[in-house]
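Asks: Data file model.json (JSON, C-alpha atoms) is appended below.
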[["chain", "number", "residue", "atom", "x", "y", "z"],
["G", 1, "MET", "CA", 105.32, 280.10, 282.80],
["G", 2, "ALA", "CA", 104.77, 281.10, 279.19],
["G", 3, "HIS", "CA", 103.91, 284.69, 278.39],
["G", 4, "THR", "CA", 101.41, 284.85, 275.55],
["G", 5, "TYR", "CA", 101.60, 287.37, 272.76],
["G", 6, "ASN", "CA", 98.91, 287.93, 270.16],
["G", 7, "ILE", "CA", 100.16, 288.19, 266.60],
["G", 8, "LEU", "CA", 97.97, 289.37, 263.75],
["G", 9, "LEU", "CA", 99.11, 287.92, 260.42],
["G", 10, "VAL", "CA", 97.95, 289.90, 257.41],
["G", 11, "ASP", "CA", 98.84, 288.55, 253.97],
["G", 12, "ASP", "CA", 96.90, 287.89, 250.78],
["G", 13, "ASP", "CA", 99.04, 284.82, 250.12],
["G", 14, "ASP", "CA", 96.89, 282.21, 251.87],
["G", 15, "ASP", "CA", 99.54, 279.47, 251.77],
["G", 16, "LEU", "CA", 102.27, 281.64, 253.22],
["G", 17, "ARG", "CA", 100.01, 283.10, 255.90],
["G", 18, "GLU", "CA", 98.67, 279.73, 257.01],
["G", 19, "ASN", "CA", 102.15, 278.23, 256.99],
["G", 20, "LEU", "CA", 103.43, 281.09, 259.16],
["G", 21, "ALA", "CA", 100.50, 280.66, 261.57],
["G", 22, "LEU", "CA", 101.20, 276.93, 261.76],
["G", 23, "GLN", "CA", 104.89, 277.46, 262.53],
["G", 24, "LEU", "CA", 104.11, 280.09, 265.14],
["G", 25, "SER", "CA", 101.59, 277.73, 266.75],
["G", 26, "PHE", "CA", 104.47, 275.43, 267.64],
["G", 27, "HIS", "CA", 105.72, 278.16, 269.99],
["G", 28, "GLU", "CA", 103.59, 278.38, 273.12],
["G", 29, "GLU", "CA", 104.16, 282.07, 273.64],
["G", 30, "PHE", "CA", 102.26, 283.06, 270.48],
["G", 31, "LYS", "CA", 98.58, 283.15, 269.60],
["G", 32, "THR", "CA", 97.84, 284.12, 266.02],
["G", 33, "GLU", "CA", 94.93, 285.60, 264.17],
["G", 34, "GLN", "CA", 94.86, 285.83, 260.40],
["G", 35, "CYS", "CA", 93.29, 287.93, 257.72],
["G", 36, "GLY", "CA", 93.81, 288.24, 253.99],
["G", 37, "ASN", "CA", 94.04, 292.01, 253.55],
["G", 38, "GLY", "CA", 94.96, 295.19, 255.33],
["G", 39, "LYS", "CA", 91.41, 296.50, 255.51],
["G", 40, "SER", "CA", 90.10, 293.54, 257.49],
["G", 41, "GLY", "CA", 93.33, 293.60, 259.52],
["G", 42, "LEU", "CA", 92.53, 297.13, 260.67],
["W", 1, "MET", "CA", 96.85, 304.49, 259.11],
["W", 2, "MET", "CA", 97.24, 302.17, 262.13],
["W", 3, "ARG", "CA", 99.78, 304.54, 263.69],
["W", 4, "LYS", "CA", 97.43, 307.50, 263.23],
["W", 5, "THR", "CA", 94.76, 305.69, 265.23],
["W", 6, "GLY", "CA", 97.15, 305.22, 268.12],
["W", 7, "VAL", "CA", 98.22, 301.62, 267.51],
["W", 8, "ASN", "CA", 101.75, 301.29, 268.84],
["W", 9, "THR", "CA", 102.28, 297.54, 268.70],
["W", 10, "PRO", "CA", 105.27, 296.36, 266.66],
["W", 11, "ILE", "CA", 104.60, 295.90, 262.93],
["W", 12, "ILE", "CA", 106.84, 293.76, 260.73],
["W", 13, "MET", "CA", 106.11, 294.07, 257.03],
["W", 14, "LEU", "CA", 106.69, 290.98, 254.90],
["W", 15, "THR", "CA", 106.82, 291.96, 251.30],
["W", 16, "ALA", "CA", 107.93, 290.90, 247.87],
["W", 17, "ASN", "CA", 109.04, 294.44, 247.09],
["W", 18, "ALA", "CA", 112.75, 294.67, 247.79],
["W", 19, "SER", "CA", 113.61, 298.08, 246.38],
["W", 20, "GLU", "CA", 115.13, 300.80, 248.53],
["W", 21, "ALA", "CA", 112.17, 303.09, 247.82],
["W", 22, "ASP", "CA", 109.67, 300.45, 248.96],
["W", 23, "THR", "CA", 111.64, 299.81, 252.14],
["W", 24, "ILE", "CA", 111.72, 303.53, 252.95],
["W", 25, "LEU", "CA", 108.01, 303.82, 252.18],
["W", 26, "GLY", "CA", 107.19, 300.87, 254.46],
["W", 27, "LEU", "CA", 109.24, 302.18, 257.37],
["W", 28, "ASP", "CA", 107.95, 305.74, 256.93],
["W", 29, "ALA", "CA", 104.40, 304.34, 257.00],
["W", 30, "GLY", "CA", 105.06, 303.11, 260.54],
["W", 31, "ALA", "CA", 106.49, 299.61, 260.19],
["W", 32, "ASN", "CA", 109.13, 298.65, 262.75],
["W", 33, "HIS", "CA", 110.81, 296.29, 260.36],
["W", 34, "TYR", "CA", 110.70, 295.47, 256.67],
["W", 35, "VAL", "CA", 111.43, 291.87, 255.62],
["W", 36, "THR", "CA", 111.55, 290.88, 251.98],
["W", 37, "LYS", "CA", 110.34, 287.47, 250.74],
["W", 38, "PRO", "CA", 111.67, 284.86, 250.69],
["W", 39, "PHE", "CA", 112.84, 284.87, 254.31],
["W", 40, "LYS", "CA", 113.94, 282.25, 256.80],
["W", 41, "PHE", "CA", 111.33, 281.54, 259.47],
["W", 42, "GLY", "CA", 113.92, 281.29, 262.24],
["W", 43, "ILE", "CA", 115.17, 284.79, 261.51],
["W", 44, "LEU", "CA", 111.62, 286.17, 261.36],
["W", 45, "LEU", "CA", 110.89, 284.50, 264.71],
["W", 46, "ALA", "CA", 113.98, 286.09, 266.25],
["W", 47, "ARG", "CA", 112.92, 289.51, 264.89],
["W", 48, "ILE", "CA", 109.40, 289.06, 266.32],
["W", 49, "ARG", "CA", 110.84, 288.25, 269.74],
["W", 50, "ALA", "CA", 113.30, 291.14, 269.57],
["W", 51, "HIS", "CA", 110.53, 293.62, 268.74],
["W", 52, "LEU", "CA", 108.29, 292.24, 271.49],
["W", 53, "ARG", "CA", 111.11, 292.59, 274.04],
["W", 54, "GLN", "CA", 111.71, 296.15, 272.92],
["W", 55, "HIS", "CA", 108.01, 296.96, 273.01],
["W", 56, "LEU", "CA", 107.54, 295.56, 276.50],
["W", 57, "ILE", "CA", 110.17, 297.85, 277.98],
["W", 58, "SER", "CA", 109.12, 300.89, 275.98],
["W", 59, "GLU", "CA", 107.19, 303.72, 277.55],
["W", 60, "ASP", "CA", 104.57, 303.36, 274.83],
["W", 61, "ALA", "CA", 103.35, 299.87, 275.68],
["W", 62, "SER", "CA", 99.70, 299.82, 276.77],
["W", 63, "TYR", "CA", 97.30, 296.95, 277.42],
["W", 64, "PRO", "CA", 93.58, 296.66, 278.07],
["W", 65, "ILE", "CA", 92.75, 295.39, 281.56],
["W", 66, "GLY", "CA", 89.02, 295.26, 282.26],
["W", 67, "HIS", "CA", 87.69, 298.72, 281.52],
["W", 68, "TYR", "CA", 91.13, 300.25, 281.98],
["W", 69, "ILE", "CA", 94.09, 300.95, 279.72],
["W", 70, "PHE", "CA", 97.25, 299.90, 281.54],
["W", 71, "LYS", "CA", 100.46, 301.79, 280.80],
["W", 72, "PRO", "CA", 103.22, 300.09, 282.78],
["W", 73, "GLY", "CA", 105.82, 302.60, 281.61],
["W", 74, "GLU", "CA", 103.86, 305.40, 283.28],
["W", 75, "LYS", "CA", 102.55, 303.23, 286.16],
["W", 76, "ILE", "CA", 99.02, 304.35, 285.34],
["W", 77, "LEU", "CA", 95.63, 302.77, 284.75],
["W", 78, "THR", "CA", 93.23, 304.95, 282.79],
["W", 79, "ASP", "CA", 89.52, 304.27, 282.99],
["W", 80, "SER", "CA", 88.51, 304.02, 279.33],
["W", 81, "GLU", "CA", 84.98, 305.20, 280.14],
["W", 82, "THR", "CA", 85.66, 308.17, 282.41],
["W", 83, "ASP", "CA", 89.31, 308.88, 281.52],
["W", 84, "GLU", "CA", 90.06, 308.87, 285.26],
["W", 85, "LYS", "CA", 93.66, 307.93, 286.03],
["W", 86, "ILE", "CA", 94.80, 305.65, 288.84],
["W", 87, "ARG", "CA", 98.43, 305.91, 289.89],
["W", 88, "LEU", "CA", 100.13, 302.65, 290.75],
["W", 89, "THR", "CA", 103.17, 301.87, 292.85],
["W", 90, "GLU", "CA", 106.11, 300.05, 291.33],
["W", 91, "LYS", "CA", 105.04, 296.75, 292.93],
["W", 92, "GLU", "CA", 101.41, 297.16, 291.90],
["W", 93, "THR", "CA", 102.56, 297.82, 288.34],
["W", 94, "ALA", "CA", 104.78, 294.74, 288.38],
["W", 95, "ILE", "CA", 101.96, 292.54, 289.73],
["W", 96, "LEU", "CA", 99.54, 293.70, 287.03],
["W", 97, "LYS", "CA", 102.18, 293.37, 284.31],
["W", 98, "PHE", "CA", 103.04, 289.84, 285.31],
["W", 99, "LEU", "CA", 99.42, 288.69, 285.62],
["W", 100, "LYS", "CA", 98.55, 290.34, 282.30],
["W", 101, "ARG", "CA", 101.39, 288.55, 280.53],
["W", 102, "ALA", "CA", 100.16, 285.24, 281.93],
["W", 103, "ASP", "CA", 97.02, 285.75, 279.83],
["W", 104, "GLY", "CA", 94.53, 284.22, 282.26],
["W", 105, "ALA", "CA", 96.76, 281.42, 283.54],
["W", 106, "THR", "CA", 96.97, 280.96, 287.30],
["W", 107, "ILE", "CA", 100.22, 282.15, 288.87],
["W", 108, "SER", "CA", 101.14, 280.72, 292.23],
["W", 109, "ARG", "CA", 101.74, 283.11, 295.14],
["W", 110, "GLU", "CA", 105.35, 281.97, 295.37],
["W", 111, "LYS", "CA", 105.96, 282.55, 291.68],
["W", 112, "LEU", "CA", 104.39, 286.00, 291.75],
["W", 113, "LEU", "CA", 106.31, 286.87, 294.89],
["W", 114, "ASN", "CA", 109.60, 285.82, 293.32],
["W", 115, "GLU", "CA", 108.93, 287.63, 290.06],
["W", 116, "VAL", "CA", 107.88, 290.90, 291.69],
["W", 117, "TRP", "CA", 110.17, 291.04, 294.75],
["W", 118, "GLY", "CA", 113.03, 288.90, 293.48],
["W", 119, "TYR", "CA", 114.18, 285.42, 294.38],
["W", 120, "ASN", "CA", 116.46, 286.56, 297.18],
["W", 121, "SER", "CA", 114.00, 288.79, 299.01],
["W", 122, "ASN", "CA", 112.82, 287.92, 302.48],
["W", 123, "VAL", "CA", 109.22, 288.98, 301.99],
["W", 124, "THR", "CA", 106.42, 286.50, 302.62],
["W", 125, "THR", "CA", 103.22, 285.72, 300.76],
["W", 126, "HIS", "CA", 101.46, 287.87, 303.37],
["W", 127, "THR", "CA", 103.16, 290.91, 301.80],
["W", 128, "LEU", "CA", 101.87, 289.86, 298.40],
["W", 129, "GLU", "CA", 98.35, 289.37, 299.76],
["W", 130, "THR", "CA", 98.45, 292.84, 301.29],
["W", 131, "HIS", "CA", 99.47, 294.36, 297.97],
["W", 132, "ILE", "CA", 96.75, 292.44, 296.13],
["W", 133, "TYR", "CA", 94.20, 293.68, 298.70],
["W", 134, "ARG", "CA", 95.27, 297.31, 298.24],
["W", 135, "LEU", "CA", 95.35, 296.94, 294.46],
["W", 136, "ARG", "CA", 91.81, 295.57, 294.43],
["W", 137, "GLN", "CA", 90.65, 298.49, 296.56],
["W", 138, "LYS", "CA", 92.10, 300.79, 293.91],
["W", 139, "ILE", "CA", 90.92, 299.14, 290.72],
["W", 140, "GLU", "CA", 88.00, 296.80, 291.30],
["W", 141, "THR", "CA", 84.47, 298.19, 291.04],
["W", 142, "ASP", "CA", 83.49, 295.91, 293.94],
["W", 143, "PRO", "CA", 86.67, 294.69, 295.69],
["W", 144, "SER", "CA", 84.70, 291.97, 297.51],
["W", 145, "LYS", "CA", 83.72, 290.49, 294.14],
["W", 146, "ALA", "CA", 86.96, 290.95, 292.22],
["W", 147, "LYS", "CA", 86.74, 290.61, 288.46],
["W", 148, "ILE", "CA", 90.20, 291.78, 287.44],
["W", 149, "ILE", "CA", 92.51, 290.04, 289.90],
["W", 150, "LEU", "CA", 90.98, 286.66, 290.62],
["W", 151, "THR", "CA", 91.90, 284.45, 293.55],
["W", 152, "GLU", "CA", 92.60, 280.92, 292.40],
["W", 153, "SER", "CA", 93.63, 277.81, 294.26],
["W", 154, "GLY", "CA", 97.18, 278.60, 295.33],
["W", 155, "GLY", "CA", 97.51, 281.83, 293.42],
["W", 156, "TYR", "CA", 96.01, 284.53, 291.26],
["W", 157, "SER", "CA", 94.93, 285.07, 287.68],
["W", 158, "MET", "CA", 93.71, 287.98, 285.63],
["W", 159, "GLY", "CA", 90.07, 287.92, 284.60],
["W", 160, "ASN", "CA", 89.09, 288.16, 280.96],
["W", 161, "SER", "CA", 89.90, 291.57, 279.61]]
Could I get this structure in the form of structure tokens?
Replies:
Amino acid sequence: MAHTYNILLVDDDDDLRENLALQLSFHEEFKTEQCGNGKSGL
Amino acid sequence: MMRKTGVNTPIIMLTANASEADTILGLDAGANHYVTKPFKFGILLARIRAHLRQHLISEDASYPIGHYIFKPGEKILTDSETDEKIRLTEKETAILKFLKRADGATISREKLLNEVWGYNSNVTTHTLETHIYRLRQKIETDPSKAKIILTESGGYSMGNS
């Protein structure tokens, strides 16, 4: 059984952030959410 | 700022700033780890897993379950509306922790039994069912219509929280 962890990715570099989210999506234990700056992350 | 509001989940900062002063500033601001770009994804992944492992066994870890805040380290559920605390036994804590980690997936009785009591124990699923019954009496608003610990075909799951 996979345990699922939520990961919030905050980075203003859209390419890097989306690439990280994509790579994490290949690992079943992670669910990601993204935002482009710290304020919206909070 | 996140730390001041009580957020205790692990934070890994990914930054282009590699100076010693920036690293100190980042860690002093509450980050658990400071990784400078460029970085290797495999190493970042290993750091994420390491911090999650550490967080899960820490006394600080807390999770929302229904209208409660669950602190497995303290074996306590706190009603977020009334601040009332419910003390849990070790087994009750383990059951909730395991169902919470499954994130809504159904866990079979055998699997839950093995994870909570151990693979070599001689307890039966009846023991598990008794614990689930008592737990529901403690935490469900209406134990006959459980919304936190749901009975599924062959096992249990945790309701949306």
Asks: Mind dumping a table of every chain W residue within 10 Å of chain G, with the nearest atom pair and its distance in Å to one decimal, using all atoms listed in the file, sorted by chain and rising number, as JSON lines?
Replies:
{"residue": "W:Met1", "atom": "CA", "partner": "G:Leu42", "partner_atom": "CA", "distance": 8.7}
{"residue": "W:Met2", "atom": "CA", "partner": "G:Leu42", "partner_atom": "CA", "distance": 7.1}
{"residue": "W:Thr5", "atom": "CA", "partner": "G:Leu42", "partner_atom": "CA", "distance": 10.0}
{"residue": "W:Val7", "atom": "CA", "partner": "G:Leu42", "partner_atom": "CA", "distance": 10.0}
{"residue": "W:Thr9", "atom": "CA", "partner": "G:Ile7", "partner_atom": "CA", "distance": 9.8}
{"residue": "W:Pro10", "atom": "CA", "partner": "G:Ile7", "partner_atom": "CA", "distance": 9.6}
{"residue": "W:Ile11", "atom": "CA", "partner": "G:Leu8", "partner_atom": "CA", "distance": 9.3}
{"residue": "W:Ile12", "atom": "CA", "partner": "G:Leu9", "partner_atom": "CA", "distance": 9.7}
{"residue": "W:Met13", "atom": "CA", "partner": "G:Val10", "partner_atom": "CA", "distance": 9.2}
{"residue": "W:Leu14", "atom": "CA", "partner": "G:Asp11", "partner_atom": "CA", "distance": 8.3}
{"residue": "W:Thr15", "atom": "CA", "partner": "G:Asp11", "partner_atom": "CA", "distance": 9.1}
{"residue": "W:Phe41", "atom": "CA", "partner": "G:Leu20", "partner_atom": "CA", "distance": 7.9}
{"residue": "W:Gly42", "atom": "CA", "partner": "G:Gln23", "partner_atom": "CA", "distance": 9.8}
{"residue": "W:Leu44", "atom": "CA", "partner": "G:Leu20", "partner_atom": "CA", "distance": 9.9}
{"residue": "W:Leu45", "atom": "CA", "partner": "G:Leu24", "partner_atom": "CA", "distance": 8.1}
{"residue": "W:Ile48", "atom": "CA", "partner": "G:Ile7", "partner_atom": "CA", "distance": 9.3}
{"residue": "W:Arg49", "atom": "CA", "partner": "G:Tyr5", "partner_atom": "CA", "distance": 9.8}
{"residue": "W:Leu52", "atom": "CA", "partner": "G:Tyr5", "partner_atom": "CA", "distance": 8.4}
{"residue": "W:Phe98", "atom": "CA", "partner": "G:His3", "partner_atom": "CA", "distance": 8.7}
{"residue": "W:Leu99", "atom": "CA", "partner": "G:His3", "partner_atom": "CA", "distance": 9.4}
{"residue": "W:Lys100", "atom": "CA", "partner": "G:His3", "partner_atom": "CA", "distance": 8.7}
{"residue": "W:Arg101", "atom": "CA", "partner": "G:His3", "partner_atom": "CA", "distance": 5.1}
{"residue": "W:Ala102", "atom": "CA", "partner": "G:His3", "partner_atom": "CA", "distance": 5.2}
{"residue": "W:Asp103", "atom": "CA", "partner": "G:Thr4", "partner_atom": "CA", "distance": 6.2}
{"residue": "W:Gly104", "atom": "CA", "partner": "G:Thr4", "partner_atom": "CA", "distance": 9.6}
{"residue": "W:Ala105", "atom": "CA", "partner": "G:Met1", "partner_atom": "CA", "distance": 8.7}
{"residue": "W:Thr106", "atom": "CA", "partner": "G:Met1", "partner_atom": "CA", "distance": 9.5}
{"residue": "W:Ile107", "atom": "CA", "partner": "G:Met1", "partner_atom": "CA", "distance": 8.2}
{"residue": "W:Lys111", "atom": "CA", "partner": "G:Met1", "partner_atom": "CA", "distance": 9.2}
Asks: Pick out the residues sitting within 10 Å of region 144-151 of chain W, and hand them over as a VMD selection string; count only C-alpha atoms, and ignore anything fewer than 2 positions along from it in its own chain.
Replies: chain W and resid 65 to 67 95 to 96 99 to 100 104 106 to 107 132 to 133 135 to 137 139 to 142 153 to 161
Asks: In Å, with one decimal, what is the gap from CA of Gly118 (chain W) to CA of Leu56 (chain W)?
Replies: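 Distance between the two atoms: 19.0 Å.
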Asks: Work out how far CA of Pro72 (chain W) is from CA of His126 (chain W), in Å to one decimal.
Replies: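 Between CA of His126 (chain W) and CA of Pro72 (chain W) the gap is 24.0 Å.
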Asks: Please list as a PDB file with C-alpha atoms, keeping the file's coordinate frame every residue within 6 Å of region 73-83 of chain W, counting only C-alpha atoms and excluding residues in the same chain fewer than 5 positions away.
Replies:
ATOM      1  CA  GLU W  59     107.190 303.720 277.550  1.00  0.00           C
ATOM      2  CA  HIS W  67      87.690 298.720 281.520  1.00  0.00           C
ATOM      3  CA  TYR W  68      91.130 300.250 281.980  1.00  0.00           C
ATOM      4  CA  LEU W  88     100.130 302.650 290.750  1.00  0.00           C
ATOM      5  CA  THR W  93     102.560 297.820 288.340  1.00  0.00           C
TER       6      THR W  93
END
Asks: Could you jot down the CA of Thr124 (chain W) to CA of Lys71 (chain W) separation for me, Å, one decimal place?
Replies: 27.3 Å
Asks: Within 12 Å of Thr127 (chain W), counting all atoms listed in the file, which residues show up once you throw out same-chain ones fewer than 3 positions away? Write them as JSON, numbers by chain, please.
Replies: {"W": [91, 92, 109, 110, 112, 113, 114, 116, 117, 121, 122, 123, 124, 130, 131, 132, 133, 134]}
Asks: Please list as a list of chain:residue names every residue within 12 Å of Asn17 (chain W), counting only C-alpha atoms and excluding residues in the same chain fewer than 2 positions away.
Replies: W:Met13, W:Leu14, W:Thr15, W:Ser19, W:Glu20, W:Ala21, W:Asp22, W:Thr23, W:Ile24, W:Leu25, W:Gly26, W:Tyr34, W:Val35, W:Thr36, W:Lys37, W:Pro38
Asks: From the options W:Leu128, W:Leu27, W:Lys138, W:Ala61, which residue's atoms come nearest to Arg87 (chain W), counting only C-alpha atoms?
Replies: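 That would be W:Lys138, the residue with the smallest distance to Arg87 (chain W).
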